[in-house]
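Presented below is the structure to which this report refers.
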Amino acid sequence: MRSDSVAVPVLYQPPKRRVATRKRMVFVCVLASLLLVMTVAAGLLFSDAASQSNFLEKQLAPSFEHPFGTDWLGRDMLLRSVAGLSTSILVGVLAAGCSAVIALVLGAVAALGGKRADTVVTWLIDLLMGVPHIVLLVLISFALGKGFVGVTVGVALTHWGSLARVVRAELLQCKQADYIMAARRLGKGPLYIALHHFLPYVLPQFIAGLILLFPHAILHEASITFLGFGLSPEQPAIGIILSEAMGYLSAGMWWLAAFPGLALLVVVLVFDRLGQNVRKLLDPRTSQE
Amino acid sequence: MHTLIRQLLKFCLLMLAVSLVVFFLVSVSPIDPVQANVGQAAYVTMSEEKRVQLELYWGVDAPFWERYVNWLGALLQGDMGTSLRFNAPVAEVIAQRAGNSLVLMGIAWAISGVLGFVLGVVAAAFRGRWPDKIIRAYAYLLASTPTFWLALIALMVFSVWLGWFPFGFSVPIGMAASDITVADLAHHLVLPAATLSLLGVANIALHTREKACDVLESSYVKFARTRGEGGFTLIRRHVLRNVALPALSLQFASISEIFGGSVLVEQVFSYPGLGQAAVTAGLGGDVALLAGIALVSAALVFGGNACANVLYAVIDPRMRTKKQAKGVFHVDDTEAGAHA
């Protein structure tokens, strides 16, 4: 037997999935964004059809024609759910966006504004975290009068705490870095340092944190609307659909509550996935994993 | 002792700030206190003089600070005002409802804490294998589930379809208070408590898993492995001890979340607790009750955090040594000597 037929121990085998993982993450991100954009677009497109009542087809169980069934006014629950999700996503994105800006500003002030500013901001965050979100949301919505403005402002004002902490911690770490000292000694101004060093340093965490705020914002919008403080009953919203469905539970109309809630769960999961993947892709420590 | 005084000071300052924010929020509300307090029908038929008199009584025209100081002064004397929805002093309503809520939240808190911790450690121990995958999938799914939807589904399945549990409330309807047994109460409590704990488990399990994974990747665990430790011994000696502290703060920090969840769960199950009262108060313009409940919730959350801090100092040996270094050393001299 020739010697080269003896099995040679494999010293290095390139992991096959390595490149694929990164591609897959990008693919998941694109797919998730597409799904969310389509939901919003469909909701806006069908908002009239969603509130169209049809008394010939009321209280129908899910079927091929009406996958989510119809309600007591004969409205198609699939269309209503999509319209509701679209509202929820828009409110959530708007509120989370405002919240993230607050977080960025306050986090930066705390980290870069000296000791006193840091104490004040840290205390503000403690104050914010000291009252349960739902209670604070009820209070803000109560103060501003119920409705779209109340919910959006409420969610925006209550969700910046943890992201502000992250921004603060990141900036504090960055401030100690040698390259910042070097830049200072080289005579770079504070604006230059902020734009060329601080901003790129916090941006990945900030963007991922922003996307991960969406699911929280959407869930809280739905919750507060469900309790009766949020969007008004005329607007399509998952919270409204579910709180109305509560009255029909004992009548056995299970599809009124089951499917819209499931749809909300799916949207929240998609947002969460998107945020996790974006975080992994943007973070240099994990982007090549 | 110093920490205790500092905690107390911090508590007072925080409650003062919370009370200011709460009072500001309820006072800028577009709801007219006179109209809200006498009801729509009475308001329309009321004479102008009576209206002015009531406005004076509720201090509609008084400046914000004056009203705040008045309210705060009364609050400090134990007078939280009168709830219009329940027609009773706010303190009384809160005391009665807090009992119901504390039982519900306490059970959910304990179950979610213990179960979440165990699941988190198990998931970390089996990292990447199927128990981990199952636990993680469960936790991710539940962490994204809307609380009130899960409560609705539970109500639908177990009360409407299976008929195992009552449809809501904390006691059977139409029964004299003296006839109600503990079994009745427990029967009404099962579904809300189960829903609330199911949701709490997810968050705690995920965080515990993360911490436990960090510990398992540390060099001291690697060293322990090279010494031949493994299995449950390794978990008990190294992981449990190092995860205990973060788990503790996680557990106490979850009080805020449990309170928020209880508002939704109580609403769905018509369970007469603080959360449901807060919703009723908010929807009905019951300013005094809403403000009272907000303050109680803030005190509860702060109490939890303070407990975590105190327990930290008791459990963490590093905190103890720090204290010794600060000059309490001579007091603990004998103890330190015994350890040496």
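For the structure tokens, the naming scheme is as follows: chains receive sequential letters (A, B, ...) according to their order of presentation, residues are indexed from 1 within each chain, and ligands are indexed from 1 in presentation order.
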
Which residues of chain B are close to chain A, meaning at most 9 Å apart when you count only C-alpha atoms, and how do they look as JSON, numbers by chain? {"B": [14, 15, 17, 18, 22, 24, 25, 26, 27, 28, 29, 30, 31, 140, 141, 144, 145, 146, 147, 148, 149, 150, 152, 153, 155, 156, 159, 160, 161, 167, 255, 256, 257, 258, 259, 260, 261, 263, 264, 267, 268, 275, 278, 279, 282, 283, 285, 290, 291, 293, 294, 295, 297, 298, 299, 300, 301, 302]}

I'd like to know which residues of stretch 88-324 of chain B are helix (DSSP H, G or I) (by DSSP, run on the backbone); could you write them as an mmCIF file with C-alpha atoms, in the first residue's frame?
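Written output follows (states-v4.cif):
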data_model
loop_
_atom_site.group_PDB
_atom_site.id
_atom_site.type_symbol
_atom_site.label_atom_id
_atom_site.label_comp_id
_atom_site.auth_asym_id
_atom_site.auth_seq_id
_atom_site.Cartn_x
_atom_site.Cartn_y
_atom_site.Cartn_z
ATOM 1 C CA VAL B 90 -57.888 57.212 49.192
ATOM 2 C CA ALA B 91 -55.775 55.674 51.945
ATOM 3 C CA GLU B 92 -58.576 53.242 52.739
ATOM 4 C CA VAL B 93 -59.097 52.246 49.108
ATOM 5 C CA ILE B 94 -55.386 51.732 48.598
ATOM 6 C CA ALA B 95 -54.985 49.715 51.792
ATOM 7 C CA GLN B 96 -57.824 47.412 50.849
ATOM 8 C CA ARG B 97 -56.683 46.963 47.261
ATOM 9 C CA ALA B 98 -53.005 46.689 48.123
ATOM 10 C CA GLY B 99 -53.766 43.523 50.075
ATOM 11 C CA ASN B 100 -55.201 41.855 46.978
ATOM 12 C CA SER B 101 -52.422 43.151 44.762
ATOM 13 C CA LEU B 102 -49.606 42.190 47.091
ATOM 14 C CA VAL B 103 -50.804 38.591 47.252
ATOM 15 C CA LEU B 104 -50.994 38.419 43.463
ATOM 16 C CA MET B 105 -47.682 40.163 42.864
ATOM 17 C CA GLY B 106 -45.927 38.337 45.688
ATOM 18 C CA ILE B 107 -46.824 34.924 44.289
ATOM 19 C CA ALA B 108 -45.904 35.911 40.749
ATOM 20 C CA TRP B 109 -42.680 37.493 41.956
ATOM 21 C CA ALA B 110 -41.583 34.432 43.907
ATOM 22 C CA ILE B 111 -42.484 31.937 41.187
ATOM 23 C CA SER B 112 -40.950 33.925 38.358
ATOM 24 C CA GLY B 113 -37.814 34.582 40.401
ATOM 25 C CA VAL B 114 -37.133 30.988 41.395
ATOM 26 C CA LEU B 115 -38.193 29.427 38.107
ATOM 27 C CA GLY B 116 -36.400 32.070 36.057
ATOM 28 C CA PHE B 117 -33.192 31.576 37.996
ATOM 29 C CA VAL B 118 -33.284 27.787 37.674
ATOM 30 C CA LEU B 119 -34.102 27.921 33.957
ATOM 31 C CA GLY B 120 -31.392 30.504 33.351
ATOM 32 C CA VAL B 121 -28.699 28.444 35.068
ATOM 33 C CA VAL B 122 -29.838 25.226 33.349
ATOM 34 C CA ALA B 123 -29.783 26.964 29.962
ATOM 35 C CA ALA B 124 -26.272 28.261 30.598
ATOM 36 C CA ALA B 125 -25.050 24.855 31.761
ATOM 37 C CA TRP B 130 -31.297 21.415 23.168
ATOM 38 C CA PRO B 131 -32.300 22.334 26.761
ATOM 39 C CA ASP B 132 -30.737 25.736 26.152
ATOM 40 C CA LYS B 133 -32.466 26.094 22.809
ATOM 41 C CA ILE B 134 -35.860 25.227 24.258
ATOM 42 C CA ILE B 135 -35.506 27.542 27.243
ATOM 43 C CA ARG B 136 -34.228 30.379 25.076
ATOM 44 C CA ALA B 137 -36.990 29.976 22.534
ATOM 45 C CA TYR B 138 -39.567 29.970 25.320
ATOM 46 C CA ALA B 139 -38.064 33.042 26.960
ATOM 47 C CA TYR B 140 -37.717 35.014 23.728
ATOM 48 C CA LEU B 141 -41.276 34.198 22.772
ATOM 49 C CA LEU B 142 -42.740 35.147 26.142
ATOM 50 C CA ALA B 143 -40.628 38.286 26.509
ATOM 51 C CA THR B 147 -49.187 40.690 28.755
ATOM 52 C CA PHE B 148 -52.841 41.456 28.281
ATOM 53 C CA TRP B 149 -53.099 39.182 25.261
ATOM 54 C CA LEU B 150 -51.676 36.234 27.181
ATOM 55 C CA ALA B 151 -54.154 36.982 29.962
ATOM 56 C CA LEU B 152 -56.995 37.043 27.434
ATOM 57 C CA ILE B 153 -55.913 33.721 25.968
ATOM 58 C CA ALA B 154 -55.627 32.179 29.435
ATOM 59 C CA LEU B 155 -59.079 33.457 30.290
ATOM 60 C CA MET B 156 -60.469 32.061 27.055
ATOM 61 C CA VAL B 157 -58.898 28.630 27.326
ATOM 62 C CA PHE B 158 -59.181 27.910 31.034
ATOM 63 C CA SER B 159 -62.315 29.811 32.004
ATOM 64 C CA VAL B 160 -64.498 29.797 28.917
ATOM 65 C CA TRP B 161 -63.586 26.514 27.244
ATOM 66 C CA ALA B 177 -67.822 38.094 52.772
ATOM 67 C CA SER B 178 -67.954 35.749 55.765
ATOM 68 C CA ASP B 179 -68.723 32.698 53.599
ATOM 69 C CA VAL B 182 -59.299 30.576 51.435
ATOM 70 C CA ALA B 183 -59.907 27.931 48.772
ATOM 71 C CA ASP B 184 -62.251 30.334 46.969
ATOM 72 C CA LEU B 185 -59.663 33.056 47.048
ATOM 73 C CA ALA B 186 -56.953 30.714 45.817
ATOM 74 C CA HIS B 187 -59.220 29.454 43.031
ATOM 75 C CA HIS B 188 -59.708 33.003 41.780
ATOM 76 C CA LEU B 189 -56.043 33.785 42.105
ATOM 77 C CA VAL B 190 -54.599 30.917 40.056
ATOM 78 C CA LEU B 191 -55.043 32.305 36.537
ATOM 79 C CA PRO B 192 -53.892 35.893 37.166
ATOM 80 C CA ALA B 193 -50.918 34.717 39.213
ATOM 81 C CA ALA B 194 -49.952 32.094 36.632
ATOM 82 C CA THR B 195 -50.145 34.590 33.772
ATOM 83 C CA LEU B 196 -48.114 37.155 35.633
ATOM 84 C CA SER B 197 -45.396 34.701 36.670
ATOM 85 C CA LEU B 198 -45.181 33.130 33.212
ATOM 86 C CA LEU B 199 -44.219 36.498 31.785
ATOM 87 C CA GLY B 200 -41.817 37.364 34.580
ATOM 88 C CA VAL B 201 -39.931 34.080 34.121
ATOM 89 C CA ALA B 202 -38.830 34.964 30.595
ATOM 90 C CA ASN B 203 -36.899 38.100 31.448
ATOM 91 C CA ILE B 204 -35.215 36.693 34.529
ATOM 92 C CA ALA B 205 -34.258 33.459 32.755
ATOM 93 C CA LEU B 206 -32.666 35.345 29.846
ATOM 94 C CA HIS B 207 -30.652 37.646 32.080
ATOM 95 C CA THR B 208 -29.569 34.870 34.442
ATOM 96 C CA ARG B 209 -28.471 32.795 31.454
ATOM 97 C CA GLU B 210 -26.359 35.658 30.146
ATOM 98 C CA LYS B 211 -24.645 36.162 33.503
ATOM 99 C CA ALA B 212 -24.123 32.440 33.998
ATOM 100 C CA CYS B 213 -22.585 32.168 30.528
ATOM 101 C CA ASP B 214 -20.162 34.967 31.410
ATOM 102 C CA VAL B 215 -19.178 33.105 34.554
ATOM 103 C CA LEU B 216 -18.735 29.837 32.672
ATOM 104 C CA SER B 219 -10.720 31.923 33.687
ATOM 105 C CA TYR B 220 -11.527 30.645 37.162
ATOM 106 C CA VAL B 221 -14.049 28.219 35.737
ATOM 107 C CA LYS B 222 -11.492 27.162 33.135
ATOM 108 C CA PHE B 223 -9.034 26.588 35.961
ATOM 109 C CA ALA B 224 -11.612 24.603 37.927
ATOM 110 C CA ARG B 225 -12.221 22.453 34.838
ATOM 111 C CA THR B 226 -8.533 21.717 34.449
ATOM 112 C CA GLY B 231 -21.065 18.751 36.432
ATOM 113 C CA PHE B 232 -23.198 20.027 39.230
ATOM 114 C CA THR B 233 -20.263 20.531 41.609
ATOM 115 C CA LEU B 234 -18.800 23.116 39.272
ATOM 116 C CA ILE B 235 -22.151 24.829 38.926
ATOM 117 C CA ARG B 236 -22.710 24.905 42.662
ATOM 118 C CA ARG B 237 -19.235 26.032 43.631
ATOM 119 C CA HIS B 238 -18.612 28.650 40.989
ATOM 120 C CA VAL B 239 -21.638 29.537 38.935
ATOM 121 C CA LEU B 240 -24.335 29.734 41.593
ATOM 122 C CA ARG B 241 -22.194 31.860 43.879
ATOM 123 C CA ASN B 242 -21.169 34.312 41.219
ATOM 124 C CA VAL B 243 -24.582 34.567 39.649
ATOM 125 C CA ALA B 244 -26.299 35.075 43.014
ATOM 126 C CA LEU B 245 -25.608 38.810 43.201
ATOM 127 C CA PRO B 246 -26.755 39.870 39.741
ATOM 128 C CA ALA B 247 -29.732 37.545 40.139
ATOM 129 C CA LEU B 248 -30.619 39.283 43.372
ATOM 130 C CA SER B 249 -30.635 42.755 41.873
ATOM 131 C CA LEU B 250 -32.502 41.413 38.865
ATOM 132 C CA GLN B 251 -35.102 39.923 41.138
ATOM 133 C CA PHE B 252 -35.698 43.160 43.009
ATOM 134 C CA ALA B 253 -35.532 45.247 39.866
ATOM 135 C CA SER B 254 -38.304 43.102 38.393
ATOM 136 C CA ILE B 255 -40.783 44.531 40.912
ATOM 137 C CA SER B 256 -41.420 47.479 38.631
ATOM 138 C CA GLU B 257 -42.174 45.181 35.735
ATOM 139 C CA ILE B 258 -44.398 42.923 37.829
ATOM 140 C CA PHE B 259 -46.356 45.953 38.990
ATOM 141 C CA GLY B 260 -46.804 47.111 35.407
ATOM 142 C CA GLY B 261 -47.884 43.632 34.375
ATOM 143 C CA SER B 262 -50.304 43.406 37.269
ATOM 144 C CA VAL B 263 -52.120 46.519 36.029
ATOM 145 C CA LEU B 264 -52.878 44.738 32.755
ATOM 146 C CA VAL B 265 -53.568 41.330 34.256
ATOM 147 C CA GLU B 266 -55.892 42.752 36.911
ATOM 148 C CA GLN B 267 -57.771 44.643 34.234
ATOM 149 C CA VAL B 268 -58.340 41.516 32.134
ATOM 150 C CA PHE B 269 -59.328 39.310 35.073
ATOM 151 C CA LEU B 274 -54.249 48.469 42.820
ATOM 152 C CA GLY B 275 -53.722 48.211 39.087
ATOM 153 C CA GLN B 276 -57.386 47.966 38.314
ATOM 154 C CA ALA B 277 -58.077 50.839 40.699
ATOM 155 C CA ALA B 278 -55.448 52.939 38.893
ATOM 156 C CA VAL B 279 -57.133 52.297 35.556
ATOM 157 C CA THR B 280 -60.554 53.094 36.988
ATOM 158 C CA ALA B 281 -59.171 56.258 38.541
ATOM 159 C CA GLY B 282 -57.446 57.332 35.344
ATOM 160 C CA LEU B 283 -60.466 56.726 33.153
ATOM 161 C CA GLY B 284 -62.848 58.323 35.642
ATOM 162 C CA VAL B 287 -57.193 62.552 40.560
ATOM 163 C CA ALA B 288 -56.563 61.842 44.228
ATOM 164 C CA LEU B 289 -56.650 58.072 43.862
ATOM 165 C CA LEU B 290 -54.486 58.066 40.728
ATOM 166 C CA ALA B 291 -51.844 60.203 42.422
ATOM 167 C CA GLY B 292 -51.975 58.017 45.535
ATOM 168 C CA ILE B 293 -51.462 54.787 43.599
ATOM 169 C CA ALA B 294 -48.613 56.302 41.598
ATOM 170 C CA LEU B 295 -46.860 57.241 44.835
ATOM 171 C CA VAL B 296 -47.410 53.784 46.298
ATOM 172 C CA SER B 297 -45.995 52.137 43.186
ATOM 173 C CA ALA B 298 -42.913 54.345 43.307
ATOM 174 C CA ALA B 299 -42.419 53.538 46.998
ATOM 175 C CA LEU B 300 -42.724 49.835 46.215
ATOM 176 C CA VAL B 301 -40.135 49.987 43.436
ATOM 177 C CA PHE B 302 -37.755 51.993 45.584
ATOM 178 C CA GLY B 303 -38.265 49.589 48.476
ATOM 179 C CA GLY B 304 -37.264 46.734 46.194
ATOM 180 C CA ASN B 305 -34.093 48.474 45.070
ATOM 181 C CA ALA B 306 -33.210 49.381 48.647
ATOM 182 C CA CYS B 307 -33.689 45.754 49.702
ATOM 183 C CA ALA B 308 -31.356 44.666 46.917
ATOM 184 C CA ASN B 309 -28.710 47.150 48.076
ATOM 185 C CA VAL B 310 -28.925 46.043 51.701
ATOM 186 C CA LEU B 311 -28.793 42.363 50.771
ATOM 187 C CA TYR B 312 -25.848 43.079 48.506
ATOM 188 C CA ALA B 313 -23.919 44.429 51.457
ATOM 189 C CA VAL B 314 -24.836 41.384 53.515
ATOM 190 C CA ILE B 315 -24.025 38.759 50.895
ATOM 191 C CA PRO B 317 -17.826 39.495 50.839
ATOM 192 C CA ARG B 318 -16.095 42.251 48.851
ATOM 193 C CA MET B 319 -18.504 44.839 50.218
ATOM 194 C CA ARG B 320 -17.706 43.644 53.718
ATOM 195 C CA THR B 321 -13.967 44.031 53.223
ATOM 196 C CA LYS B 322 -14.485 47.467 51.770
ATOM 197 C CA LYS B 323 -16.336 48.442 54.884
ATOM 198 C CA GLN B 324 -13.539 47.103 57.039
#

Write out as a PDB file with C-alpha atoms, in the first residue's frame each polymer residue whose atoms come within 6 Å of stretch 98-111 of chain A, counting only C-alpha atoms; drop sequence neighbours fewer than 4 positions from it.
ATOM      1  CA  ALA A 117     -24.473  67.223  35.069  1.00  0.00           C
ATOM      2  CA  ASP A 118     -23.732  63.536  35.500  1.00  0.00           C
ATOM      3  CA  VAL A 121     -28.900  62.976  34.705  1.00  0.00           C
ATOM      4  CA  ALA A 156     -41.317  58.831  24.141  1.00  0.00           C
ATOM      5  CA  HIS A 159     -38.402  54.744  27.346  1.00  0.00           C
ATOM      6  CA  TRP A 160     -35.108  56.634  27.167  1.00  0.00           C
ATOM      7  CA  LEU A 163     -30.494  53.621  26.373  1.00  0.00           C
ATOM      8  CA  ALA A 164     -29.267  56.820  28.058  1.00  0.00           C
ATOM      9  CA  VAL A 167     -24.782  55.906  25.811  1.00  0.00           C
ATOM     10  CA  ARG A 168     -23.345  57.360  29.005  1.00  0.00           C
ATOM     11  CA  LEU A 171     -18.963  57.664  26.143  1.00  0.00           C
ATOM     12  CA  LEU A 172     -17.304  57.486  29.545  1.00  0.00           C
ATOM     13  CA  LEU A 210     -32.984  52.397  18.898  1.00  0.00           C
TER      14      LEU A 210
END

Straight-line distance linking atom CA of A:Asp178 with atom CA of A:Val278, stated in Å to one decimal: 28.0 Å

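Neighbouring residues of A:Ser33 at 12 Å or closer, counting only C-alpha atoms and skipping chain neighbours under 2 positions away, are Val26, Phe27, Val28, Cys29, Val30, Leu31, Leu35, Leu36, Val37, Met38, Thr39, Val40, Ile89, Ile211, Val267, Val270, Phe271, Asp272, Arg273, Leu274, Gly275, Asn277 and Val278 of chain A.
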
Generate the output file for the selected residues, N, CA and C atoms, as a PDB file, in the first residue's frame.
ATOM      1  N   VAL A  26     -27.547  39.611   7.257  1.00  0.00           N
ATOM      2  CA  VAL A  26     -27.948  40.738   6.411  1.00  0.00           C
ATOM      3  C   VAL A  26     -29.283  40.431   5.753  1.00  0.00           C
ATOM      4  N   PHE A  27     -29.413  39.183   5.279  1.00  0.00           N
ATOM      5  CA  PHE A  27     -30.637  38.769   4.612  1.00  0.00           C
ATOM      6  C   PHE A  27     -31.827  38.889   5.566  1.00  0.00           C
ATOM      7  N   VAL A  28     -31.637  38.418   6.807  1.00  0.00           N
ATOM      8  CA  VAL A  28     -32.716  38.488   7.804  1.00  0.00           C
ATOM      9  C   VAL A  28     -33.110  39.943   8.038  1.00  0.00           C
ATOM     10  N   CYS A  29     -32.105  40.816   8.143  1.00  0.00           N
ATOM     11  CA  CYS A  29     -32.376  42.237   8.375  1.00  0.00           C
ATOM     12  C   CYS A  29     -33.221  42.821   7.245  1.00  0.00           C
ATOM     13  N   VAL A  30     -32.791  42.528   6.002  1.00  0.00           N
ATOM     14  CA  VAL A  30     -33.516  43.067   4.849  1.00  0.00           C
ATOM     15  C   VAL A  30     -34.940  42.544   4.838  1.00  0.00           C
ATOM     16  N   LEU A  31     -35.059  41.230   5.066  1.00  0.00           N
ATOM     17  CA  LEU A  31     -36.380  40.600   5.036  1.00  0.00           C
ATOM     18  C   LEU A  31     -37.286  41.198   6.117  1.00  0.00           C
ATOM     19  N   LEU A  35     -40.724  43.286   5.575  1.00  0.00           N
ATOM     20  CA  LEU A  35     -41.992  42.819   6.144  1.00  0.00           C
ATOM     21  C   LEU A  35     -42.684  43.950   6.897  1.00  0.00           C
ATOM     22  N   LEU A  36     -41.890  44.690   7.680  1.00  0.00           N
ATOM     23  CA  LEU A  36     -42.473  45.759   8.482  1.00  0.00           C
ATOM     24  C   LEU A  36     -42.972  46.894   7.597  1.00  0.00           C
ATOM     25  N   VAL A  37     -42.156  47.249   6.591  1.00  0.00           N
ATOM     26  CA  VAL A  37     -42.574  48.325   5.684  1.00  0.00           C
ATOM     27  C   VAL A  37     -43.846  47.928   4.950  1.00  0.00           C
ATOM     28  N   MET A  38     -43.901  46.648   4.544  1.00  0.00           N
ATOM     29  CA  MET A  38     -45.083  46.187   3.826  1.00  0.00           C
ATOM     30  C   MET A  38     -46.320  46.214   4.707  1.00  0.00           C
ATOM     31  N   THR A  39     -46.132  45.849   5.983  1.00  0.00           N
ATOM     32  CA  THR A  39     -47.268  45.885   6.908  1.00  0.00           C
ATOM     33  C   THR A  39     -47.812  47.306   7.020  1.00  0.00           C
ATOM     34  N   VAL A  40     -46.890  48.255   7.180  1.00  0.00           N
ATOM     35  CA  VAL A  40     -47.322  49.654   7.306  1.00  0.00           C
ATOM     36  C   VAL A  40     -48.039  50.104   6.034  1.00  0.00           C
ATOM     37  N   ILE A  89     -47.130  50.358  14.607  1.00  0.00           N
ATOM     38  CA  ILE A  89     -45.735  50.486  14.186  1.00  0.00           C
ATOM     39  C   ILE A  89     -45.375  51.963  14.024  1.00  0.00           C
ATOM     40  N   ILE A 211     -33.397  50.421  17.557  1.00  0.00           N
ATOM     41  CA  ILE A 211     -34.273  49.413  16.958  1.00  0.00           C
ATOM     42  C   ILE A 211     -34.881  48.535  18.051  1.00  0.00           C
ATOM     43  N   VAL A 267     -44.996  40.827  14.973  1.00  0.00           N
ATOM     44  CA  VAL A 267     -44.331  42.095  14.658  1.00  0.00           C
ATOM     45  C   VAL A 267     -43.255  42.410  15.701  1.00  0.00           C
ATOM     46  N   VAL A 270     -40.293  40.195  15.096  1.00  0.00           N
ATOM     47  CA  VAL A 270     -39.537  40.597  13.909  1.00  0.00           C
ATOM     48  C   VAL A 270     -38.650  41.793  14.233  1.00  0.00           C
ATOM     49  N   PHE A 271     -39.205  42.768  14.946  1.00  0.00           N
ATOM     50  CA  PHE A 271     -38.421  43.938  15.353  1.00  0.00           C
ATOM     51  C   PHE A 271     -37.246  43.519  16.231  1.00  0.00           C
ATOM     52  N   ASP A 272     -37.508  42.603  17.149  1.00  0.00           N
ATOM     53  CA  ASP A 272     -36.476  42.159  18.064  1.00  0.00           C
ATOM     54  C   ASP A 272     -35.338  41.479  17.305  1.00  0.00           C
ATOM     55  N   ARG A 273     -35.721  40.593  16.379  1.00  0.00           N
ATOM     56  CA  ARG A 273     -34.738  39.895  15.542  1.00  0.00           C
ATOM     57  C   ARG A 273     -33.894  40.909  14.769  1.00  0.00           C
ATOM     58  N   LEU A 274     -34.588  41.865  14.168  1.00  0.00           N
ATOM     59  CA  LEU A 274     -33.910  42.894  13.383  1.00  0.00           C
ATOM     60  C   LEU A 274     -32.877  43.626  14.254  1.00  0.00           C
ATOM     61  N   GLY A 275     -33.319  44.021  15.445  1.00  0.00           N
ATOM     62  CA  GLY A 275     -32.415  44.746  16.339  1.00  0.00           C
ATOM     63  C   GLY A 275     -31.206  43.907  16.735  1.00  0.00           C
ATOM     64  N   ASN A 277     -29.871  41.375  15.159  1.00  0.00           N
ATOM     65  CA  ASN A 277     -28.978  41.165  14.021  1.00  0.00           C
ATOM     66  C   ASN A 277     -28.187  42.420  13.690  1.00  0.00           C
ATOM     67  N   VAL A 278     -28.858  43.564  13.730  1.00  0.00           N
ATOM     68  CA  VAL A 278     -28.156  44.820  13.429  1.00  0.00           C
ATOM     69  C   VAL A 278     -27.059  45.050  14.460  1.00  0.00           C
TER      70      VAL A 278
END

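Take atom CA of B:Trp65 and atom CA of B:Leu20: the distance between them is 9.7 Å.
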
Which polymer residues have any atom within 9 Å of an atom of B:Leu72, counting only C-alpha atoms, with same-chain residues fewer than 6 positions away left out, as a PyMOL selection string? chain B and resi 16+19-20+80

Write a file of the just-selected residues containing N, CA and C atoms, as a compact mmCIF listing (two decimals), in the first residue's frame.
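File result.txt, as written:
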# COMPACT_ATOMS: atom_id res chain seq x y z
N LEU B 16 -40.24 62.89 47.01
CA LEU B 16 -40.60 64.30 46.83
C LEU B 16 -40.68 64.62 45.34
N SER B 19 -43.63 62.88 43.77
CA SER B 19 -44.88 63.54 44.12
C SER B 19 -45.06 64.82 43.30
N LEU B 20 -43.95 65.53 43.07
CA LEU B 20 -44.03 66.76 42.28
C LEU B 20 -44.44 66.44 40.84
N MET B 80 -54.71 61.49 52.16
CA MET B 80 -54.44 61.42 50.73
C MET B 80 -55.62 61.90 49.91

Quick one: pull the distance between atom CA of B:Asp286 and atom CA of B:Phe23, Å, one decimal.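 Between atom CA of B:Asp286 and atom CA of B:Phe23 the gap works out to 12.7 Å.
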